[in-house]
Amino acid sequence: MPDIYERQASLKGNDPDRVVISAALTGALTTRDQCPAIPYTPEEIAEEAAAAREAGAAVAHVHARTPDGAPTFETETYREIREEVRDRTDILCNFSTGAIGVPVADRLEYVTEVRPEIAALNMGSMNYAKYSERREEFVFDVVFENPFSEIRDLVSGMTEAGVVPELECFDTGHVGNARPLFREGVLGEPYTVSLVMGVLGGIPATVENLAHQVRQLPEDAPWQVIGIGEDQWPLVSAALAMGGNVRVGLEDNFYLPSGEMADGNAELVEAAATMARQVGREPATPEHAREIVGIER
């Protein structure tokens, strides 16, 4: 029997009966020119978070935006988002710390000041690119630098603030980058892992690669898959069968399994929740997600 099914015996640190669905609401680079439903303002982000919660999401992954859609790292904007979300729903908040050319101190400040339940950090450097098949050229091509010194600072700051680190791993080496941090005692429980697949420069989005990535994780690691673009839904299906958690949302993919563009994040969450129930797993509530991930506050 293939390894992908053998992994169901241990399920790592996840729950075989429940799945934590995260909704990546807006991202840093997606625009309304690409998808009209992308939220920008704190109020819009909070409304999307509440709708996603109603559809079955337990976690909202947040990149702050200015009113015109540009990325921002202002603490007050993140604070306003958190307050607007809390006014509407009990969904858990996960703040991104990913950025190119923004000092670690600026990215850590809003996490330690606002204290979301979870904060994401990138676990290694990589070429980060987007290739246009139509134009036959790279339309976005940068080096996404995440050295160990910055990773260590982010993990330490999150831990001191009582925020659970979400380790975003774009390739197998990124999973391995966590090992010295465990040995040093910089990184420990609770934590969660995101296996990001389908970004050009990272690991390709295949079920075989997902099984490989899962095999690299510690036995007690809660994990989710993040599939980018059209490869998202096959990966969601595979992760659900393997006992993993899943992330969907307009940051990663605009389209439903039918190929139609989603009207909002809730439609994508509904599709993931339906797939989960078809394999006998119920979407976790935020309280269940706290237990699965190990969030104590």
# chains A, B, ... in the order shown; residues from 1 in each chain; ligands from 1
>>> select_by_dssp(residues="range 11-113 of chain A", states="helix (DSSP H, G or I)", output="number ranges by chain")
A: 42-55, 75-88, 104-113
>>> write_last_selection(atoms="N, CA, C and O atoms", output="short mmCIF file (atom, residue, chain, number, x, y, z; two decimals), in the first residue's frame")
data_model
loop_
_atom_site.label_atom_id
_atom_site.label_comp_id
_atom_site.auth_asym_id
_atom_site.auth_seq_id
_atom_site.Cartn_x
_atom_site.Cartn_y
_atom_site.Cartn_z
N PRO A 42 -9.36 46.90 7.43
CA PRO A 42 -9.62 46.04 8.60
C PRO A 42 -11.06 45.55 8.68
O PRO A 42 -11.31 44.39 9.03
N GLU A 43 -12.01 46.43 8.34
CA GLU A 43 -13.42 46.03 8.39
C GLU A 43 -13.71 44.94 7.36
O GLU A 43 -14.42 43.96 7.65
N GLU A 44 -13.18 45.10 6.15
CA GLU A 44 -13.39 44.09 5.10
C GLU A 44 -12.74 42.76 5.47
O GLU A 44 -13.32 41.69 5.27
N ILE A 45 -11.54 42.83 6.01
CA ILE A 45 -10.85 41.61 6.43
C ILE A 45 -11.64 40.90 7.53
O ILE A 45 -11.81 39.67 7.52
N ALA A 46 -12.16 41.68 8.48
CA ALA A 46 -12.94 41.09 9.58
C ALA A 46 -14.24 40.47 9.07
O ALA A 46 -14.65 39.41 9.55
N GLU A 47 -14.88 41.11 8.11
CA GLU A 47 -16.10 40.54 7.55
C GLU A 47 -15.81 39.22 6.85
O GLU A 47 -16.57 38.25 6.97
N GLU A 48 -14.69 39.17 6.12
CA GLU A 48 -14.30 37.92 5.47
C GLU A 48 -13.96 36.85 6.51
O GLU A 48 -14.27 35.66 6.32
N ALA A 49 -13.32 37.24 7.61
CA ALA A 49 -13.00 36.29 8.67
C ALA A 49 -14.28 35.70 9.27
O ALA A 49 -14.36 34.50 9.52
N ALA A 50 -15.27 36.56 9.52
CA ALA A 50 -16.52 36.08 10.11
C ALA A 50 -17.26 35.14 9.15
O ALA A 50 -17.80 34.11 9.57
N ALA A 51 -17.25 35.48 7.87
CA ALA A 51 -17.91 34.61 6.89
C ALA A 51 -17.19 33.28 6.77
O ALA A 51 -17.81 32.22 6.65
N ALA A 52 -15.85 33.32 6.81
CA ALA A 52 -15.07 32.08 6.75
C ALA A 52 -15.34 31.20 7.97
O ALA A 52 -15.46 29.98 7.86
N ARG A 53 -15.44 31.82 9.14
CA ARG A 53 -15.76 31.07 10.36
C ARG A 53 -17.11 30.39 10.23
O ARG A 53 -17.27 29.21 10.59
N GLU A 54 -18.09 31.09 9.73
CA GLU A 54 -19.42 30.53 9.56
C GLU A 54 -19.40 29.34 8.60
O GLU A 54 -20.16 28.37 8.75
N ALA A 55 -18.49 29.39 7.62
CA ALA A 55 -18.40 28.33 6.62
C ALA A 55 -17.60 27.12 7.11
O ALA A 55 -17.63 26.07 6.46
N THR A 75 1.74 48.42 13.28
CA THR A 75 1.14 47.74 14.42
C THR A 75 -0.32 48.14 14.61
O THR A 75 -1.18 47.30 14.90
N GLU A 76 -0.61 49.42 14.44
CA GLU A 76 -1.98 49.89 14.67
C GLU A 76 -2.97 49.30 13.68
O GLU A 76 -4.13 49.07 14.01
N THR A 77 -2.50 49.04 12.46
CA THR A 77 -3.40 48.42 11.48
C THR A 77 -3.71 46.98 11.90
O THR A 77 -4.87 46.55 11.84
N TYR A 78 -2.69 46.24 12.33
CA TYR A 78 -2.93 44.88 12.81
C TYR A 78 -3.80 44.88 14.06
O TYR A 78 -4.66 44.01 14.23
N ARG A 79 -3.59 45.86 14.93
CA ARG A 79 -4.43 45.95 16.13
C ARG A 79 -5.89 46.19 15.75
O ARG A 79 -6.81 45.57 16.31
N GLU A 80 -6.10 47.06 14.78
CA GLU A 80 -7.47 47.34 14.34
C GLU A 80 -8.10 46.10 13.71
O GLU A 80 -9.28 45.80 13.95
N ILE A 81 -7.32 45.37 12.92
CA ILE A 81 -7.85 44.13 12.34
C ILE A 81 -8.26 43.17 13.44
O ILE A 81 -9.36 42.59 13.40
N ARG A 82 -7.39 42.98 14.41
CA ARG A 82 -7.68 42.06 15.51
C ARG A 82 -8.97 42.46 16.24
O ARG A 82 -9.83 41.62 16.54
N GLU A 83 -9.11 43.75 16.53
CA GLU A 83 -10.29 44.23 17.23
C GLU A 83 -11.55 44.05 16.39
O GLU A 83 -12.61 43.64 16.91
N GLU A 84 -11.45 44.35 15.09
CA GLU A 84 -12.62 44.19 14.22
C GLU A 84 -13.03 42.72 14.11
O GLU A 84 -14.22 42.39 14.11
N VAL A 85 -12.03 41.84 14.03
CA VAL A 85 -12.33 40.40 13.97
C VAL A 85 -13.01 39.96 15.26
O VAL A 85 -14.03 39.25 15.24
N ARG A 86 -12.47 40.38 16.41
CA ARG A 86 -13.03 39.95 17.69
C ARG A 86 -14.44 40.49 17.91
O ARG A 86 -15.23 39.89 18.63
N ASP A 87 -14.75 41.62 17.31
CA ASP A 87 -16.11 42.16 17.42
C ASP A 87 -17.12 41.28 16.69
O ASP A 87 -18.32 41.36 16.98
N ARG A 88 -16.64 40.47 15.76
CA ARG A 88 -17.54 39.72 14.89
C ARG A 88 -17.54 38.21 15.12
O ARG A 88 -18.54 37.54 14.85
N VAL A 104 13.33 42.74 10.67
CA VAL A 104 12.67 41.80 11.57
C VAL A 104 11.96 42.53 12.70
O VAL A 104 10.85 42.16 13.10
N ALA A 105 12.57 43.58 13.22
CA ALA A 105 11.97 44.30 14.35
C ALA A 105 10.59 44.83 13.99
O ALA A 105 9.66 44.79 14.82
N ASP A 106 10.42 45.31 12.76
CA ASP A 106 9.13 45.84 12.33
C ASP A 106 8.10 44.72 12.19
O ASP A 106 6.92 44.90 12.51
N ARG A 107 8.55 43.56 11.72
CA ARG A 107 7.63 42.44 11.53
C ARG A 107 7.27 41.77 12.85
O ARG A 107 6.23 41.13 12.96
N LEU A 108 8.16 41.89 13.82
CA LEU A 108 7.90 41.27 15.12
C LEU A 108 7.08 42.16 16.03
O LEU A 108 6.33 41.67 16.89
N GLU A 109 7.14 43.47 15.83
CA GLU A 109 6.48 44.39 16.75
C GLU A 109 4.98 44.17 16.81
O GLU A 109 4.39 44.09 17.89
N TYR A 110 4.33 44.04 15.64
CA TYR A 110 2.87 43.89 15.68
C TYR A 110 2.46 42.54 16.24
O TYR A 110 1.36 42.40 16.78
N VAL A 111 3.32 41.54 16.13
CA VAL A 111 3.02 40.23 16.72
C VAL A 111 3.08 40.29 18.24
O VAL A 111 2.17 39.84 18.94
N THR A 112 4.15 40.88 18.76
CA THR A 112 4.31 40.91 20.22
C THR A 112 3.38 41.93 20.88
O THR A 112 3.00 41.74 22.04
N GLU A 113 3.01 42.98 20.16
CA GLU A 113 2.11 43.99 20.73
C GLU A 113 0.65 43.54 20.68
O GLU A 113 -0.09 43.72 21.64
#
>>> closest_atom_pairs(of="range 205-251 of chain A", to="range 162-178 of chain A", cutoff="8 Å", atoms="only C-alpha atoms", output="tab-separated table")
residue	atom	partner	partner_atom	distance
A:Gln213	CA	A:Thr172	CA	6.3
A:Gln216	CA	A:Val175	CA	7.0
A:Leu217	CA	A:Val175	CA	7.1
>>> write_last_selection(atoms="N, CA and C atoms", output="short mmCIF file (atom, residue, chain, number, x, y, z; two decimals), in the first residue's frame")
data_model
loop_
_atom_site.label_atom_id
_atom_site.label_comp_id
_atom_site.auth_asym_id
_atom_site.auth_seq_id
_atom_site.Cartn_x
_atom_site.Cartn_y
_atom_site.Cartn_z
N GLN A 213 7.11 15.25 2.35
CA GLN A 213 7.25 16.33 3.33
C GLN A 213 6.74 15.90 4.70
N GLN A 216 9.04 13.90 6.87
CA GLN A 216 10.18 14.59 7.48
C GLN A 216 9.83 15.21 8.84
N LEU A 217 8.55 15.29 9.17
CA LEU A 217 8.13 16.01 10.36
C LEU A 217 8.31 15.18 11.63
#
>>> closest_atom_pairs(of="range 150-195 of chain A", to="range 218-234 of chain A", cutoff="7 Å", atoms="only C-alpha atoms", output="CSV")
residue,atom,partner,partner_atom,distance
A:Thr192,CA,A:Pro222,CA,5.1
A:Val193,CA,A:Trp223,CA,4.6
A:Ser194,CA,A:Gln224,CA,5.0
A:Leu195,CA,A:Val225,CA,4.8
>>> closest_residue(among="A:Ser149, A:Val186, A:Ala284, A:Val199", to="Asn127 in chain A", atoms="only C-alpha atoms")
A:Val199
>>> atom_distance(atom1="CA of Tyr128 in chain A", atom2="CA of Leu200 in chain A")
6.2 Å
>>> select_by_dssp(residues="range 36-252 of chain A", states="strand (DSSP E)", output="VMD selection string")
chain A and resid 59 to 62 92 to 96 118 to 122 126 to 132 137 to 144 164 to 169 192 to 197 223 to 227 245 to 248
>>> atom_distance(atom1="CA of Ala119 in chain A", atom2="CA of Glu267 in chain A")
24.2 Å
>>> closest_residue(among="A:Ala262, A:Ala238, A:Ala273, A:Cys35", to="Ala211 in chain A", atoms="only C-alpha atoms")
A:Ala238
>>> residues_around(residues="Gly185 in chain A", least_positions_apart="3", cutoff="12 Å", atoms="only C-alpha atoms", output="PyMOL selection string")
chain A and resi 152+155-156+159+178-182+188-189
>>> residues_around(residues="Pro190 in chain A", least_positions_apart="3", cutoff="7 Å", atoms="only C-alpha atoms", output="list of chain:residue names")
A:Val164, A:Val293, A:Gly294, A:Ile295
>>> atom_distance(atom1="CA of Pro39 in chain A", atom2="CA of Ala239 in chain A")
27.3 Å
>>> closest_residue(among="A:Gln278, A:Ser237, A:Ser96, A:Ser258", to="Glu117 in chain A", atoms="only C-alpha atoms")
A:Ser96
>>> closest_residue(among="A:Pro204, A:Gly56, A:Gly243, A:Pro36", to="Ile91 in chain A", atoms="only C-alpha atoms")
A:Gly56
>>> residues_around(residues="range 131-147 of chain A", least_positions_apart="3", cutoff="10 Å", atoms="only C-alpha atoms", output="PDB file with C-alpha atoms, in the first residue's frame")
ATOM      1  CA  GLY A  98       6.701  37.324   5.694  1.00  0.00           C
ATOM      2  CA  ALA A  99       8.198  40.258   3.812  1.00  0.00           C
ATOM      3  CA  ILE A 100      11.006  41.232   1.479  1.00  0.00           C
ATOM      4  CA  GLY A 101      13.247  44.044   2.663  1.00  0.00           C
ATOM      5  CA  VAL A 104      12.669  41.804  11.568  1.00  0.00           C
ATOM      6  CA  LEU A 121       7.276  32.661   9.784  1.00  0.00           C
ATOM      7  CA  ASN A 122       9.193  31.447   6.772  1.00  0.00           C
ATOM      8  CA  MET A 123      11.696  28.716   7.525  1.00  0.00           C
ATOM      9  CA  GLY A 124      14.339  29.397   4.881  1.00  0.00           C
ATOM     10  CA  SER A 125      15.511  31.448   1.947  1.00  0.00           C
ATOM     11  CA  MET A 126      14.521  30.681  -1.636  1.00  0.00           C
ATOM     12  CA  ASN A 127      14.149  32.029  -5.136  1.00  0.00           C
ATOM     13  CA  TYR A 128      10.606  33.343  -5.279  1.00  0.00           C
ATOM     14  CA  GLU A 150      16.057  36.224  11.576  1.00  0.00           C
ATOM     15  CA  ILE A 151      14.206  32.934  12.054  1.00  0.00           C
ATOM     16  CA  ARG A 152      15.688  32.625  15.552  1.00  0.00           C
ATOM     17  CA  LEU A 200       8.041  28.495  -8.207  1.00  0.00           C
ATOM     18  CA  GLY A 201      11.361  28.130  -6.405  1.00  0.00           C
TER      19      GLY A 201
END
>>> residues_around(residues="Leu240 in chain A", least_positions_apart="4", cutoff="9 Å", atoms="only C-alpha atoms", output="list of chain:residue names")
A:Val19, A:Leu235, A:Val236, A:Gly244, A:Asn245, A:Val246, A:Met275, A:Ala276, A:Val279, A:Arg281
>>> write_last_selection(atoms="N, CA, C and O atoms", output="PDB file, in the first residue's frame")
ATOM      1  N   VAL A  19     -10.682  18.433  11.312  1.00  0.00           N
ATOM      2  CA  VAL A  19      -9.674  19.101  10.495  1.00  0.00           C
ATOM      3  C   VAL A  19      -9.729  20.599  10.760  1.00  0.00           C
ATOM      4  O   VAL A  19     -10.810  21.201  10.772  1.00  0.00           O
ATOM      5  N   LEU A 235      -4.286  18.672  -3.513  1.00  0.00           N
ATOM      6  CA  LEU A 235      -3.505  18.607  -2.281  1.00  0.00           C
ATOM      7  C   LEU A 235      -4.405  18.624  -1.051  1.00  0.00           C
ATOM      8  O   LEU A 235      -4.129  17.939  -0.064  1.00  0.00           O
ATOM      9  N   VAL A 236      -5.471  19.414  -1.082  1.00  0.00           N
ATOM     10  CA  VAL A 236      -6.426  19.407   0.024  1.00  0.00           C
ATOM     11  C   VAL A 236      -7.006  18.009   0.196  1.00  0.00           C
ATOM     12  O   VAL A 236      -7.089  17.478   1.312  1.00  0.00           O
ATOM     13  N   GLY A 244      -4.216  15.352   7.735  1.00  0.00           N
ATOM     14  CA  GLY A 244      -3.666  16.693   7.906  1.00  0.00           C
ATOM     15  C   GLY A 244      -4.732  17.768   7.954  1.00  0.00           C
ATOM     16  O   GLY A 244      -5.915  17.524   7.680  1.00  0.00           O
ATOM     17  N   ASN A 245      -4.293  18.960   8.313  1.00  0.00           N
ATOM     18  CA  ASN A 245      -5.142  20.142   8.248  1.00  0.00           C
ATOM     19  C   ASN A 245      -4.923  20.833   6.907  1.00  0.00           C
ATOM     20  O   ASN A 245      -3.978  20.513   6.169  1.00  0.00           O
ATOM     21  N   VAL A 246      -5.777  21.810   6.586  1.00  0.00           N
ATOM     22  CA  VAL A 246      -5.702  22.427   5.259  1.00  0.00           C
ATOM     23  C   VAL A 246      -5.894  23.937   5.347  1.00  0.00           C
ATOM     24  O   VAL A 246      -6.561  24.439   6.257  1.00  0.00           O
ATOM     25  N   MET A 275     -15.410  18.642   1.359  1.00  0.00           N
ATOM     26  CA  MET A 275     -14.452  17.572   1.088  1.00  0.00           C
ATOM     27  C   MET A 275     -14.077  16.844   2.381  1.00  0.00           C
ATOM     28  O   MET A 275     -13.926  15.617   2.390  1.00  0.00           O
ATOM     29  N   ALA A 276     -13.925  17.598   3.475  1.00  0.00           N
ATOM     30  CA  ALA A 276     -13.585  16.977   4.757  1.00  0.00           C
ATOM     31  C   ALA A 276     -14.681  16.021   5.213  1.00  0.00           C
ATOM     32  O   ALA A 276     -14.404  14.890   5.641  1.00  0.00           O
ATOM     33  N   VAL A 279     -14.849  12.551   3.721  1.00  0.00           N
ATOM     34  CA  VAL A 279     -13.917  11.514   4.196  1.00  0.00           C
ATOM     35  C   VAL A 279     -14.051  11.315   5.701  1.00  0.00           C
ATOM     36  O   VAL A 279     -13.162  10.778   6.354  1.00  0.00           O
ATOM     37  N   ARG A 281     -14.421  13.566   8.263  1.00  0.00           N
ATOM     38  CA  ARG A 281     -13.794  14.497   9.193  1.00  0.00           C
ATOM     39  C   ARG A 281     -14.628  15.777   9.252  1.00  0.00           C
ATOM     40  O   ARG A 281     -15.041  16.313   8.224  1.00  0.00           O
TER      41      ARG A 281
END
>>> residues_around(residues="Ile292 in chain A", least_positions_apart="6", cutoff="9 Å", atoms="only C-alpha atoms", output="MDAnalysis selection string")
chainID A and resid 13:15 20 222
